[in-house]
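Just coords_35.cif here, mmCIF, C-alpha atoms:
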data_query
#
loop_
_atom_site.label_atom_id
_atom_site.label_comp_id
_atom_site.auth_asym_id
_atom_site.auth_seq_id
_atom_site.Cartn_x
_atom_site.Cartn_y
_atom_site.Cartn_z
CA MET A 1 29.67 -67.84 36.57
CA ASN A 2 27.04 -66.91 34.00
CA ARG A 3 26.80 -63.44 32.46
CA ARG A 4 23.83 -62.33 34.59
CA ALA A 5 25.61 -63.31 37.80
CA LEU A 6 28.74 -61.52 36.65
CA ALA A 7 26.70 -58.42 35.83
CA ALA A 8 25.14 -58.53 39.30
CA GLY A 9 28.59 -58.59 40.87
CA LEU A 10 29.66 -55.64 38.80
CA MET A 11 26.61 -53.72 39.87
CA LEU A 12 27.45 -54.23 43.53
CA ALA A 13 30.99 -53.03 42.86
CA ALA A 14 29.98 -49.88 41.01
CA THR A 15 31.63 -46.83 42.50
CA ALA A 16 30.81 -44.10 40.01
CA ALA A 17 27.02 -44.04 39.74
CA MET A 18 25.55 -41.10 37.88
CA ALA A 19 22.07 -41.78 39.28
CA PRO A 20 20.72 -44.22 41.85
CA ALA A 21 20.55 -47.75 40.41
CA ARG A 22 17.48 -49.96 40.76
CA ALA A 23 18.04 -53.41 42.18
CA ASP A 24 15.22 -55.12 40.28
CA ALA A 25 16.69 -54.90 36.75
CA ILE A 26 20.28 -55.28 35.57
CA ASN A 27 21.38 -54.31 32.07
CA VAL A 28 25.10 -54.21 31.36
CA VAL A 29 26.93 -52.54 28.48
CA GLU A 30 30.65 -53.22 28.24
CA ILE A 31 33.08 -50.60 26.92
CA PHE A 32 35.82 -51.88 24.64
CA ASN A 33 38.24 -50.10 22.31
CA ASN A 34 36.10 -48.39 19.69
CA PHE A 35 32.77 -50.07 20.48
CA PHE A 36 30.07 -50.67 23.09
CA GLU A 37 28.82 -54.22 23.59
CA PRO A 38 25.94 -54.53 23.03
CA GLN A 39 25.71 -51.51 20.77
CA LYS A 40 21.91 -51.49 21.21
CA ILE A 41 20.10 -52.56 24.36
CA THR A 42 16.35 -52.66 25.07
CA ILE A 43 15.00 -52.14 28.58
CA ALA A 44 11.71 -51.44 30.34
CA LYS A 45 10.78 -48.08 31.86
CA GLY A 46 12.32 -47.67 35.31
CA GLU A 47 15.23 -50.02 34.61
CA THR A 48 18.90 -49.14 34.95
CA VAL A 49 21.79 -49.51 32.54
CA THR A 50 25.29 -50.04 33.93
CA TRP A 51 28.32 -49.40 31.75
CA VAL A 52 31.52 -51.32 32.58
CA SER A 53 34.84 -50.07 31.20
CA ARG A 54 36.84 -53.06 29.92
CA GLU A 55 39.34 -50.70 28.27
CA GLY A 56 40.30 -47.22 29.42
CA GLY A 57 40.42 -43.98 27.47
CA HIS A 58 36.71 -43.52 26.71
CA THR A 59 33.65 -41.55 27.76
CA VAL A 60 29.94 -42.32 27.73
CA THR A 61 28.28 -39.07 26.69
CA ALA A 62 24.59 -38.55 26.08
CA ASN A 63 23.80 -36.97 22.74
CA ASP A 64 21.26 -34.74 24.51
CA ASP A 65 23.92 -33.75 27.12
CA ARG A 66 21.97 -35.10 30.11
CA PHE A 67 25.20 -36.78 31.34
CA SER A 68 28.79 -37.50 30.46
CA PHE A 69 30.95 -39.97 32.32
CA PRO A 70 33.49 -39.33 33.69
CA GLU A 71 33.03 -35.65 34.45
CA GLN A 72 36.74 -35.02 33.85
CA GLY A 73 39.09 -36.88 31.52
CA THR A 74 38.38 -40.41 30.31
CA SER A 75 37.57 -43.73 31.95
CA VAL A 76 40.11 -46.19 33.28
CA ARG A 77 39.76 -49.94 33.11
CA GLY A 78 37.30 -51.19 35.73
CA ASP A 79 35.20 -48.02 36.00
CA THR A 80 31.46 -48.63 36.30
CA PHE A 81 28.52 -46.25 36.36
CA SER A 82 24.74 -46.38 36.04
CA TRP A 83 21.75 -44.43 34.81
CA THR A 84 18.03 -45.12 35.33
CA PHE A 85 15.59 -44.41 32.49
CA HIS A 86 12.02 -43.49 33.43
CA GLU A 87 10.26 -42.68 30.14
CA ASP A 88 9.71 -44.36 26.76
CA GLU A 89 12.49 -43.12 24.54
CA THR A 90 15.23 -44.10 22.12
CA PHE A 91 18.35 -42.75 23.79
CA SER A 92 21.65 -42.29 21.91
CA TYR A 93 25.13 -41.81 23.32
CA ARG A 94 28.73 -41.82 22.13
CA CYS A 95 32.37 -41.70 23.19
CA LEU A 96 33.74 -38.17 22.95
CA VAL A 97 37.24 -39.47 22.23
CA HIS A 98 36.30 -41.66 19.29
CA GLY A 99 33.40 -39.67 17.91
CA PRO A 100 30.47 -40.97 15.87
CA GLY A 101 32.25 -44.24 15.11
CA MET A 102 31.83 -45.33 18.76
CA ALA A 103 28.19 -44.95 19.72
CA GLY A 104 25.36 -46.82 21.37
CA VAL A 105 21.59 -46.85 21.77
CA VAL A 106 19.24 -47.62 24.66
CA VAL A 107 15.63 -48.32 23.69
CA VAL A 108 13.38 -47.71 26.70
CA GLY A 109 9.91 -49.28 26.59
CA ALA A 110 8.24 -48.47 23.29
CA GLY A 111 11.06 -46.15 22.33
CA SER A 112 10.68 -42.70 20.81
CA PRO A 113 8.00 -42.28 18.15
CA PRO A 114 9.52 -42.33 14.68
CA PRO A 115 10.17 -38.87 13.27
CA PRO A 116 8.10 -37.76 10.30
CA PRO A 117 9.82 -38.34 6.97
CA PRO A 118 11.93 -35.35 5.92
CA PRO A 119 10.67 -33.28 3.01
CA GLU A 120 12.22 -34.00 -0.37
CA PRO A 121 15.33 -31.81 -0.60
CA PRO A 122 15.53 -29.14 -3.29
CA ARG A 123 17.66 -30.18 -6.28
CA ARG A 124 19.58 -28.16 -8.83
CA VAL A 125 21.14 -29.75 -11.91
CA VAL A 126 24.49 -28.57 -13.30
CA PRO A 127 24.87 -27.74 -16.12
CA SER A 128 21.37 -26.57 -17.02
CA VAL A 129 19.78 -23.42 -18.36
CA ASP A 130 19.24 -22.01 -14.86
CA TYR A 131 22.49 -23.34 -13.37
CA PRO A 132 25.32 -23.46 -15.91
CA THR A 133 27.98 -23.81 -13.18
CA ILE A 134 28.24 -25.16 -9.64
CA ALA A 135 28.93 -21.65 -8.39
CA ARG A 136 25.68 -20.41 -9.94
CA ALA A 137 23.75 -23.30 -8.39
CA LEU A 138 25.08 -22.37 -4.93
CA ILE A 139 23.64 -18.86 -5.07
CA ASP A 140 20.61 -18.58 -2.77
CA ALA A 141 20.54 -22.37 -2.28
CA GLU A 142 18.33 -23.43 0.62
CA PRO A 143 19.66 -25.72 3.37
CA THR A 144 19.54 -29.40 2.32
CA THR A 145 19.79 -28.48 -1.39
CA ILE A 146 21.47 -31.18 -3.49
CA ILE A 147 23.46 -29.89 -6.44
CA GLU A 148 23.58 -32.69 -8.99
CA VAL A 149 26.55 -32.40 -11.32
CA LEU A 150 26.22 -34.26 -14.60
CA PRO A 151 29.14 -36.26 -16.04
CA GLY A 152 31.82 -34.13 -17.65
CA ILE A 153 35.10 -32.29 -17.09
CA TYR A 154 34.71 -28.86 -15.49
CA HIS A 155 37.61 -26.44 -15.82
CA TYR A 156 36.95 -24.20 -12.83
CA GLY A 157 37.33 -24.11 -9.07
CA VAL A 158 34.44 -23.91 -6.63
CA VAL A 159 34.18 -21.91 -3.38
CA VAL A 160 31.35 -23.13 -1.16
CA ALA A 161 30.06 -20.48 1.26
CA THR A 162 26.53 -21.88 1.52
CA SER A 163 25.78 -24.06 4.54
CA ASP A 164 24.10 -27.47 4.57
CA VAL A 165 24.28 -28.29 0.89
CA THR A 166 25.45 -31.38 -0.95
CA ILE A 167 27.49 -31.37 -4.17
CA ARG A 168 27.02 -34.75 -5.79
CA GLY A 169 28.49 -36.13 -8.98
CA MET A 170 25.84 -38.02 -10.93
CA GLY A 171 28.09 -40.46 -12.76
CA THR A 172 28.06 -44.17 -12.11
CA SER A 173 31.62 -43.75 -10.77
CA SER A 174 33.63 -40.95 -9.19
CA GLU A 175 35.74 -40.59 -12.35
CA GLU A 176 32.84 -39.40 -14.53
CA VAL A 177 32.56 -35.96 -12.91
CA VAL A 178 35.90 -34.12 -12.86
CA ILE A 179 36.86 -30.73 -11.42
CA ASP A 180 40.15 -30.08 -13.23
CA GLY A 181 42.49 -27.30 -12.13
CA ASP A 182 44.62 -27.45 -15.28
CA ARG A 183 47.55 -26.80 -12.91
CA GLN A 184 46.45 -23.15 -12.77
CA ARG A 185 43.96 -23.01 -9.87
CA ALA A 186 44.82 -23.41 -6.20
CA VAL A 187 41.91 -25.49 -4.86
CA GLY A 188 39.34 -27.57 -6.66
CA ILE A 189 36.49 -27.33 -4.14
CA ALA A 190 37.13 -25.01 -1.18
CA VAL A 191 34.48 -25.47 1.54
CA GLY A 192 34.09 -22.64 4.04
CA ALA A 193 30.56 -23.34 5.35
CA ASP A 194 29.15 -25.84 7.83
CA GLY A 195 27.20 -28.94 6.92
CA VAL A 196 28.58 -29.37 3.40
CA ARG A 197 28.95 -32.80 1.78
CA VAL A 198 30.88 -33.50 -1.43
CA GLU A 199 30.21 -36.85 -3.09
CA ASN A 200 31.14 -39.06 -6.03
CA LEU A 201 33.51 -36.91 -8.08
CA THR A 202 37.17 -36.34 -8.99
CA VAL A 203 39.31 -33.31 -8.16
CA ARG A 204 42.66 -33.17 -9.96
CA ASN A 205 45.55 -30.94 -11.04
CA HIS A 206 45.11 -28.17 -8.47
CA GLY A 207 48.06 -26.28 -7.02
CA ILE A 208 47.33 -26.64 -3.28
CA ALA A 209 44.48 -29.10 -2.66
CA GLY A 210 41.83 -30.98 -4.54
CA LEU A 211 39.19 -30.71 -1.80
CA SER A 212 39.59 -28.47 1.25
CA PHE A 213 37.44 -27.98 4.36
CA ASP A 214 38.62 -24.90 6.27
CA GLY A 215 37.21 -24.00 9.70
CA VAL A 216 33.91 -25.84 9.26
CA ALA A 217 31.77 -28.38 11.11
CA ARG A 218 29.62 -31.34 10.06
CA PHE A 219 31.40 -31.90 6.78
CA GLY A 220 31.57 -34.97 4.58
CA ALA A 221 33.63 -36.31 1.69
CA HIS A 222 32.35 -39.56 0.17
CA ARG A 223 33.70 -41.40 -2.87
CA ILE A 224 36.15 -38.64 -3.79
CA VAL A 225 39.11 -39.22 -6.09
CA ALA A 226 41.82 -36.61 -5.40
CA ALA A 227 44.63 -37.05 -7.95
CA ASP A 228 47.80 -35.11 -8.76
CA ASN A 229 47.00 -32.06 -6.69
CA GLY A 230 49.85 -29.96 -5.31
CA SER A 231 50.27 -30.28 -1.54
CA PHE A 232 47.15 -32.17 -0.46
CA GLY A 233 44.55 -34.42 -1.97
CA ILE A 234 41.87 -33.85 0.71
CA ARG A 235 42.56 -31.40 3.53
CA ALA A 236 40.53 -30.59 6.66
CA ARG A 237 42.04 -27.72 8.65
CA GLY A 238 40.47 -26.38 11.84
CA SER A 239 37.37 -28.43 11.07
CA HIS A 240 35.23 -30.68 13.26
CA ARG A 241 32.66 -33.46 13.22
CA GLY A 242 33.38 -34.76 9.77
CA ALA A 243 33.75 -37.93 7.75
CA ILE A 244 36.00 -38.92 4.86
CA HIS A 245 34.75 -42.22 3.46
CA ALA A 246 35.56 -44.50 0.52
CA SER A 247 37.89 -41.96 -1.07
CA THR A 248 41.22 -42.13 -2.92
CA ALA A 249 44.17 -39.73 -2.76
CA SER A 250 47.33 -39.88 -4.86
CA GLY A 251 50.18 -37.73 -6.11
CA ALA A 252 50.27 -35.11 -3.32
CA SER A 253 53.60 -33.55 -2.32
CA SER A 254 52.64 -33.22 1.37
CA ALA A 255 49.85 -35.72 2.15
CA GLY A 256 47.07 -37.61 0.43
CA ILE A 257 44.75 -36.56 3.23
CA ALA A 258 45.66 -34.08 5.96
CA ILE A 259 43.70 -33.34 9.13
CA GLN A 260 45.21 -30.37 10.94
CA ASP A 261 44.70 -27.96 13.82
CA CYS A 262 41.55 -29.29 15.45
CA ASP A 263 41.01 -30.75 18.94
CA PRO A 264 38.70 -32.46 19.34
CA CYS A 265 38.26 -33.06 15.65
CA ASP A 266 35.72 -35.92 15.85
CA ILE A 267 36.61 -36.97 12.31
CA ASP A 268 36.10 -40.47 10.94
CA VAL A 269 38.30 -41.69 8.07
CA ASP A 270 37.05 -44.99 6.69
CA GLU A 271 38.06 -47.05 3.64
CA LEU A 272 40.61 -44.52 2.42
CA THR A 273 43.06 -45.51 -0.31
CA ALA A 274 46.23 -43.40 -0.34
CA ALA A 275 49.09 -44.17 -2.74
CA GLY A 276 51.96 -42.27 -4.30
CA ASN A 277 51.93 -39.33 -1.87
CA ALA A 278 54.73 -37.98 0.29
CA VAL A 279 52.61 -39.12 3.26
CA GLY A 280 49.47 -41.22 2.93
CA ALA A 281 47.60 -39.65 5.87
CA LEU A 282 48.84 -36.77 8.04
CA LEU A 283 47.23 -36.04 11.44
CA GLU A 284 48.87 -32.84 12.69
CA ASN A 285 47.89 -31.07 15.92
CA ALA A 286 44.65 -32.99 15.72
CA GLY A 287 42.74 -34.97 18.33
CA SER A 288 39.97 -37.58 18.36
CA ILE A 289 40.31 -39.05 14.88
CA ILE A 290 39.55 -42.58 13.73
CA VAL A 291 41.36 -44.08 10.72
CA ARG A 292 40.07 -47.55 9.95
CA ARG A 293 39.81 -50.16 7.20
CA SER A 294 42.07 -48.13 4.91
CA LEU A 295 44.80 -49.07 2.44
CA ILE A 296 47.91 -46.90 2.71
CA ARG A 297 50.47 -48.17 0.19
CA GLY A 298 53.46 -46.90 -1.78
CA ASN A 299 53.85 -43.47 -0.18
CA GLY A 300 57.00 -41.88 1.26
CA ALA A 301 55.53 -42.62 4.70
CA GLY A 302 52.24 -44.25 5.66
CA ILE A 303 50.40 -42.47 8.49
CA VAL A 304 52.10 -39.66 10.42
CA LEU A 305 50.71 -38.34 13.72
CA THR A 306 52.56 -35.26 14.89
CA GLY A 307 52.24 -32.38 17.35
CA SER A 308 52.59 -31.74 21.05
CA PRO A 309 50.90 -34.19 23.47
CA LEU A 310 48.22 -31.57 24.15
CA GLU A 311 47.44 -31.03 20.46
CA GLN A 312 47.82 -34.43 18.81
CA ARG A 313 45.99 -36.97 20.93
CA GLY A 314 43.35 -39.62 21.04
CA ALA A 315 43.68 -40.98 17.49
CA HIS A 316 42.52 -44.55 16.94
CA LEU A 317 44.05 -46.47 14.04
CA TRP A 318 42.63 -49.93 13.56
CA GLY A 319 42.13 -52.52 10.87
CA ASN A 320 44.28 -50.71 8.29
CA THR A 321 46.66 -52.22 5.74
CA ILE A 322 49.83 -50.13 5.63
CA ALA A 323 52.39 -51.45 3.18
CA ASP A 324 55.59 -50.49 1.35
CA ASN A 325 55.60 -46.84 2.35
CA ALA A 326 59.28 -46.36 1.70
CA ASP A 327 58.76 -45.80 -2.00
CA PRO A 328 61.59 -43.68 -3.48
CA VAL A 329 59.35 -42.80 -6.44
CA ALA A 330 56.73 -41.14 -4.20
CA PRO A 331 56.85 -37.35 -3.76
CA ARG A 332 59.35 -36.35 -1.09
CA SER A 333 58.95 -34.22 2.03
CA SER A 334 60.60 -34.01 5.45
CA ARG A 335 58.13 -36.67 6.61
CA SER A 336 58.94 -39.14 3.82
CA VAL A 337 60.95 -41.26 6.22
CA GLY A 338 59.89 -44.73 5.10
CA ALA A 339 57.85 -45.45 8.24
CA GLY A 340 54.58 -47.34 8.25
CA ILE A 341 53.09 -45.41 11.19
CA TRP A 342 55.07 -42.59 12.82
CA ILE A 343 53.86 -40.99 16.06
CA ASP A 344 55.88 -37.89 16.89
CA GLY A 345 54.97 -36.11 20.09
CA GLY A 346 51.40 -37.34 20.41
CA SER A 347 49.51 -38.72 23.38
CA HIS A 348 46.82 -41.31 24.13
CA ASN A 349 46.82 -42.70 20.62
CA LEU A 350 45.71 -46.31 20.12
CA LEU A 351 47.09 -48.44 17.27
CA GLU A 352 45.55 -51.88 17.09
CA HIS A 353 44.98 -54.70 14.61
CA ASN A 354 46.76 -52.96 11.74
CA ASP A 355 48.72 -54.96 9.15
CA VAL A 356 52.02 -53.12 8.63
CA SER A 357 54.75 -54.37 6.27
CA GLY A 358 57.62 -53.27 4.05
CA HIS A 359 59.11 -50.24 5.82
CA ARG A 360 62.32 -48.99 7.42
CA TYR A 361 60.45 -48.84 10.73
CA GLY A 362 57.04 -50.51 10.89
CA ILE A 363 55.66 -48.48 13.82
CA VAL A 364 57.90 -45.84 15.37
CA VAL A 365 57.36 -43.37 18.22
CA THR A 366 59.59 -40.30 18.67
CA GLY A 367 59.66 -37.12 20.72
CA VAL A 368 60.91 -34.53 18.24
CA SER A 369 57.72 -32.43 18.43
CA GLY A 370 57.36 -33.07 22.16
CA PRO A 371 57.39 -36.09 24.48
CA SER A 372 55.13 -38.95 23.46
CA VAL A 373 52.75 -39.91 26.26
CA ALA A 374 50.46 -42.89 26.86
CA ASP A 375 50.38 -44.19 23.30
CA ARG A 376 49.29 -47.85 23.06
CA ILE A 377 50.46 -50.16 20.27
CA ILE A 378 48.51 -53.39 20.62
CA GLY A 379 47.87 -56.48 18.53
CA ASN A 380 49.33 -55.29 15.23
CA THR A 381 50.87 -57.56 12.59
CA ILE A 382 54.23 -56.07 11.60
CA GLY A 383 56.96 -57.44 9.37
CA ASP A 384 59.50 -57.00 6.59
CA SER A 385 61.10 -53.92 8.20
CA SER A 386 64.67 -53.07 7.19
CA ILE A 387 65.61 -51.52 10.58
CA ALA A 388 62.98 -52.71 13.08
CA ASP A 389 59.29 -53.52 13.27
CA LEU A 390 58.76 -51.51 16.48
CA ALA A 391 60.73 -48.53 17.76
CA TRP A 392 60.57 -45.81 20.42
CA ASP A 393 63.27 -43.22 21.07
CA GLY A 394 62.27 -43.19 24.75
CA LEU A 395 61.33 -39.51 24.94
CA GLY A 396 58.13 -39.49 26.96
CA ALA A 397 56.25 -41.81 29.29
CA ASP A 398 53.71 -44.64 29.35
CA VAL A 399 54.13 -45.66 25.72
CA CYS A 400 53.26 -49.35 25.81
CA LEU A 401 53.54 -52.29 23.42
CA ALA A 402 51.65 -55.58 23.66
CA GLY A 403 50.57 -58.50 21.51
CA ASN A 404 52.27 -57.37 18.31
CA ALA A 405 53.67 -60.09 16.06
CA ARG A 406 55.17 -60.83 12.69
CA PRO A 407 52.95 -62.54 10.09
CA ASP A 408 54.35 -65.92 11.11
CA GLY A 409 53.46 -65.27 14.76
CA THR A 410 57.02 -64.66 15.96
CA GLU A 411 58.11 -61.69 18.03
CA PRO A 412 58.65 -58.50 16.01
CA SER A 413 62.10 -56.95 15.83
CA ALA A 414 62.50 -53.85 17.99
CA ASP A 415 64.69 -50.80 18.50
CA PRO A 416 65.65 -50.87 21.36
CA PRO A 417 65.74 -54.68 21.54
CA ILE A 418 62.98 -56.46 23.52
CA ALA A 419 60.95 -53.24 23.55
CA GLU A 420 57.71 -55.14 24.19
CA THR A 421 59.23 -56.45 27.43
CA ILE A 422 60.72 -53.14 28.52
CA TYR A 423 57.56 -51.20 27.70
CA SER A 424 54.92 -53.82 28.40
CA CYS A 425 51.33 -52.64 28.76
CA ASP A 426 51.17 -54.73 31.95
CA LEU A 427 53.51 -52.29 33.71
CA PRO A 428 51.69 -49.64 35.76
CA HIS A 429 53.95 -46.75 34.72
CA THR A 430 56.78 -46.64 32.21
CA VAL A 431 59.24 -43.79 31.81
CA GLY A 432 61.10 -43.99 28.52
CA VAL A 433 64.81 -44.59 28.39
CA PRO A 434 66.37 -42.35 25.69
CA TRP A 435 67.47 -44.34 22.65
CA PRO A 436 69.04 -41.83 20.23
CA ALA A 437 69.58 -44.40 17.47
CA VAL A 438 65.90 -44.28 16.56
CA ILE A 439 65.70 -40.60 15.69
CA ALA A 440 69.13 -40.74 14.05
CA ASN A 441 67.84 -43.44 11.74
CA MET A 442 64.63 -41.54 11.09
CA LEU A 443 66.55 -38.45 9.97
CA ASP A 444 68.95 -40.36 7.74
CA PRO A 445 67.05 -41.48 4.63
CA SER A 446 70.15 -43.13 3.20
CA ILE A 447 69.82 -46.06 5.62
#

Represent the structure of the file as structure tokens.
Amino acid sequence: MNRRALAAGLMLAATAAMAPARADAINVVEIFNNFFEPQKITIAKGETVTWVSREGGHTVTANDDRFSFPEQGTSVRGDTFSWTFHEDETFSYRCLVHGPGMAGVVVVGAGSPPPPPPPEPPRRVVPSVDYPTIARALIDAEPTTIIEVLPGIYHYGVVVATSDVTIRGMGTSSEEVVIDGDRQRAVGIAVGADGVRVENLTVRNHGIAGLSFDGVARFGAHRIVAADNGSFGIRARGSHRGAIHASTASGASSAGIAIQDCDPCDIDVDELTAAGNAVGALLENAGSIIVRRSLIRGNGAGIVLTGSPLEQRGAHLWGNTIADNADPVAPRSSRSVGAGIWIDGGSHNLLEHNDVSGHRYGIVVTGVSGPSVADRIIGNTIGDSSIADLAWDGLGADVCLAGNARPDGTEPSADPPIAETIYSCDLPHTVGVPWPAVIANMLDPSI
């Protein structure tokens, strides 16, 4: 059956239409884990788009709020729904669970007219006669102002209370502009306003955090080097709709990056490098986060997701390299357990296509912080684990494992044994069987 015939069959089977579908035009968008296919579709005025859910756990939500499917919760595999577009426009939508990293576009007819080019943003150069410090440049800064920081080492901290500004290091690399705490100041750059971006600089030697976003929205950290700060390299607490891209974190006693106390967070972490921290990346009481294409190596633990099932949920970890995170030289904390990825008490998290090697447990799920519910561990490459590649202590329900393998293609080791058979994703409902050995091993670092 060709694709158009298949699409026609799906249209006839649709049971969740958001608006009446036209029979004379069929345009299908398939929903997979973390992407829509096609991501961009072009149709004529009056035609209908039908979305088909190939994987569950997603929404299709219009950016202009004209619709969101489903009305409650997230889709399940096989859901279909339709919407008819009547005017020329360029329509954007996204998945609420996976944030800006999972989005699509429908171009209707001629599309929307292009917006006028934005005005050139105001710029302030630091240091200069008018702006000797970053703090001085922030005073009375207009929205969209770019504060350009010239290469050098700056021995002060910065508190950002001005919304919609960008602080940008002007060196050819992130290492040329340095905010140094001299081990005397608590935070290098403390952001407490919405819409702030920090780019292309180093924050080091601060007592609590190099870069902190606290209770803000629409934030960004791009090409940041956070080195040898106290508890955290980069921290986002109670913050939403943000991005941490192409950044490096090392030498933190709690976590290289920490995303805490936000649900939904809608935060995208991409191309992170975390090494030599107690934990590479900590997601704590945080929902709707993507961590992708990152290198997490040589920490006390790799990525830790923790919280109750209602508070830590909907994280998507994919395409990451997570290696050798049982390093005894790394800073130590209660979470430095030598695990590659540790889910403790979360729900509806998806781990797929990660390369995990060199740990006590490669990927482990526990229920210390609360029962783990509906986590999916699919298609990962896991090996060189001293206890087991895969593990679940059985506290929770609907945790499923499928398609994971060692680098040579053989079945990964598991605790309990044959866990991928016991907790197969093909089973309709799986209640965990308690397996106390897992948490005992997790709490005994001498093993």

- Task: Go through A:His98, A:Arg360, A:Arg297, A:His58 and flag the residue nearest Val269 of chain A, using all atoms listed in the file for the distances.
- Result: A:His98

Give, as AutoDock Vina command-line options, the centre coordinates and the x, y and z edge lengths in Å to one decimal for an axis-aligned box around all listed atoms of segment 149-164 of chain A, padded by 3 Å on each side.
--center_x 30.9 --center_y -28.4 --center_z -6.5 --size_x 19.5 --size_y 21.8 --size_z 28.2

- Query: Evaluating the PyMOL selection byres ((chain A and resi 294) around 10) on the displayed file yields which residues, as JSON, numbers by chain?
  - Reply: {"A": [245, 246, 247, 248, 269, 270, 271, 272, 273, 274, 291, 292, 293, 295, 296, 297, 317, 318, 319, 320, 321, 322, 354]}

- Message: One decimal, in Å: what's the spacing between atom CA of Leu310 of chain A and atom CA of Phe213 of chain A?
- Response: 22.8 Å

- Item | Residues selected by the PyMOL selection byres ((chain A and resi 177) around 7), written as a PyMOL selection string | chain A and resi 150-153+169+171+174-176+178-179+201-202

- Message: When you look at Ser413 of chain A with a cut-off of 8 Å (counting all atoms listed in the file), what residues show up, excluding the ones that are within fewer than 3 positions of it in the same chain? I need them as a list in words.
- Response: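 Residues near the query, excluding close chain neighbours: Ala388, Asp389, Leu390, Pro417 and Ile418 of chain A.
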
Could you list, as a short mmCIF file (atom, residue, chain, number, x, y, z; two decimals) with C-alpha atoms, keeping the file's coordinate frame, every residue within 7 Å of Asn205 of chain A, counting all atoms listed in the file and ignoring same-chain residues fewer than 2 positions away?
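The result, written out as out_2.cif:
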data_model
loop_
_atom_site.label_atom_id
_atom_site.label_comp_id
_atom_site.auth_asym_id
_atom_site.auth_seq_id
_atom_site.Cartn_x
_atom_site.Cartn_y
_atom_site.Cartn_z
CA ASP A 180 40.15 -30.08 -13.23
CA GLY A 181 42.49 -27.30 -12.13
CA ASP A 182 44.62 -27.45 -15.28
CA ARG A 183 47.55 -26.80 -12.91
CA GLY A 207 48.06 -26.28 -7.02
CA ALA A 227 44.63 -37.05 -7.95
CA ASP A 228 47.80 -35.11 -8.76
CA ASN A 229 47.00 -32.06 -6.69
#

- Item | Evaluate the PyMOL selection byres ((chain A and resi 69) around 9) and report residues as a list in words |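 Taken over the shown coordinates, the PyMOL selection byres ((chain A and resi 69) around 9) returns Ala16, Met18, His58, Thr59, Val60, Thr61, Phe67, Ser68, Pro70, Glu71, Gln72, Gly73, Thr74, Ser75 and Phe81 of chain A.
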
- Skip segment 33-37 of chain A itself and residues of its chain fewer than 2 positions away, then list as a PyMOL selection string all residues within 7 Å of it, counting only C-alpha atoms. chain A and resi 29-31+39+55+98+102-104
